[in-house]
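Here's the structure, in structure tokens; my notes come after.
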Amino acid sequence: MNKDKLTSLLFFIIGIILLFPSIFLTFRSIKIISSYETAQGKLVDFTEKWKKNKDTEEEYLLYAPVFEYRDNIGKTYKINSGEYSNNKALSTITQKIYYKKDHPEIAVTGTFQLYIVPSIAVFFCLVCFITAYICRKPAII
């Protein structure tokens with residue numbers, strides 16, 4: 001087997017492996033966006049978390065915004081976004097919250113989990129398939 005076919009096969013296998021998580025993440029996001037209720041969450045606090053750098057052994061503090069939202073009947077809930085950063089100022093004041101109608105305490109904050117992660121997974125899957133397609137024939141010099 002020549003080097004071009006082996007490279008093509010390798011990228012095709014990686015593309016197949018990435019295909020399943022990208023399909024799962026995309027359909028999960030579509031399901032949440034289409035079937036969950038939405039509410040406008042208001043920033044009320046920050047959760048702090050200490051993180052240790054493995055290389056330098058230095059510890060630093062990370063912050064995740066905590067949002068408060070109301071369901072359709074007016075009951076108030078809080079959700080930690082889970083998106084940590086080293087700066088409180090980078091957080092938005094309001095955030096779109098998706099929550100289950102039957103269980104409003106089960107909620108997801110929008111942008112990163114629902115749009116960016118599935119987009120990255122699909123992008124890398126497509127890159128692998130395109131690379132496998134390009135490498136399938138021997139290079140002509």
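Ordered as shown in the structure tokens, chains take letters A, B, and onward, while each chain numbers its residues from 1 and ligands are numbered from 1 in the order shown.
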
Please report, as a tab-separated table, each residue of segment 30-81 of chain A lying at most 12 Å from segment 17-26 of chain A, together with the nearest pair of atoms and the separation in Å rounded to one decimal; use only C-alpha atoms, and order rows by chain and ascending residue number.
residue	atom	partner	partner_atom	distance
A:Ile30	CA	A:Thr26	CA	6.2
A:Lys31	CA	A:Thr26	CA	8.6
A:Ile32	CA	A:Thr26	CA	10.0
A:Ile33	CA	A:Thr26	CA	10.6

In segment 27-140 of chain A, what's strand (DSSP E) per DSSP? Answer as a CSV table (one decimal) with C-alpha atoms, in the first residue's frame?
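This is the output file out.csv:
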chain,number,residue,atom,x,y,z
A,37,GLU,CA,-38.8,26.3,26.8
A,38,THR,CA,-36.8,29.5,26.8
A,39,ALA,CA,-36.3,32.1,29.4
A,40,GLN,CA,-34.1,35.2,29.8
A,41,GLY,CA,-31.5,34.6,32.5
A,42,LYS,CA,-30.2,37.5,34.5
A,43,LEU,CA,-26.6,37.4,35.9
A,44,VAL,CA,-26.8,37.3,39.7
A,45,ASP,CA,-23.4,35.9,40.9
A,46,PHE,CA,-20.2,34.1,40.0
A,47,THR,CA,-19.0,30.6,41.0
A,48,GLU,CA,-15.3,30.5,41.7
A,49,LYS,CA,-13.0,27.5,41.0
A,50,TRP,CA,-9.3,27.2,41.6
A,51,LYS,CA,-7.4,25.6,38.7
A,52,LYS,CA,-3.8,24.4,38.9
A,59,GLU,CA,-2.9,28.1,40.9
A,60,TYR,CA,-5.3,30.6,39.5
A,61,LEU,CA,-8.9,31.5,40.0
A,62,LEU,CA,-11.6,31.0,37.4
A,63,TYR,CA,-15.1,32.4,37.4
A,64,ALA,CA,-18.4,31.1,35.9
A,65,PRO,CA,-21.5,33.2,35.8
A,66,VAL,CA,-24.6,32.1,37.6
A,67,PHE,CA,-27.9,33.1,36.0
A,68,GLU,CA,-31.3,33.3,37.6
A,69,TYR,CA,-34.4,32.6,35.4
A,70,ARG,CA,-38.1,32.1,35.8
A,76,THR,CA,-37.2,31.2,40.1
A,77,TYR,CA,-34.2,28.9,39.4
A,78,LYS,CA,-30.5,29.4,39.3
A,79,ILE,CA,-28.0,27.8,36.8
A,80,ASN,CA,-24.3,27.8,36.7
A,94,THR,CA,-28.4,38.4,30.3
A,95,GLN,CA,-28.3,34.9,28.7
A,96,LYS,CA,-30.9,32.8,26.9
A,97,ILE,CA,-31.7,29.8,29.0
A,98,TYR,CA,-33.3,26.6,27.6
A,99,TYR,CA,-35.1,24.5,30.3
A,107,ALA,CA,-31.5,23.8,32.0
A,108,VAL,CA,-28.8,24.7,29.5
A,109,THR,CA,-27.3,28.1,28.8

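Within segment 51-113 of chain A, residues classed as helix (DSSP H, G or I) by DSSP on backbone coordinates are Lys88, Ala89, Leu90, Thr111, Phe112 and Gln113 of chain A.
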
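The closest residue to Tyr115 of chain A, picked from A:His103, A:Lys75, A:Lys54, A:Arg28 and counting only C-alpha atoms, is A:Arg28.
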
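If only C-alpha atoms are the atoms counted, then among A:Asn72, A:Asp4, A:Ser34, A:Ser81 the closest residue to Gln113 of chain A is A:Ser81.
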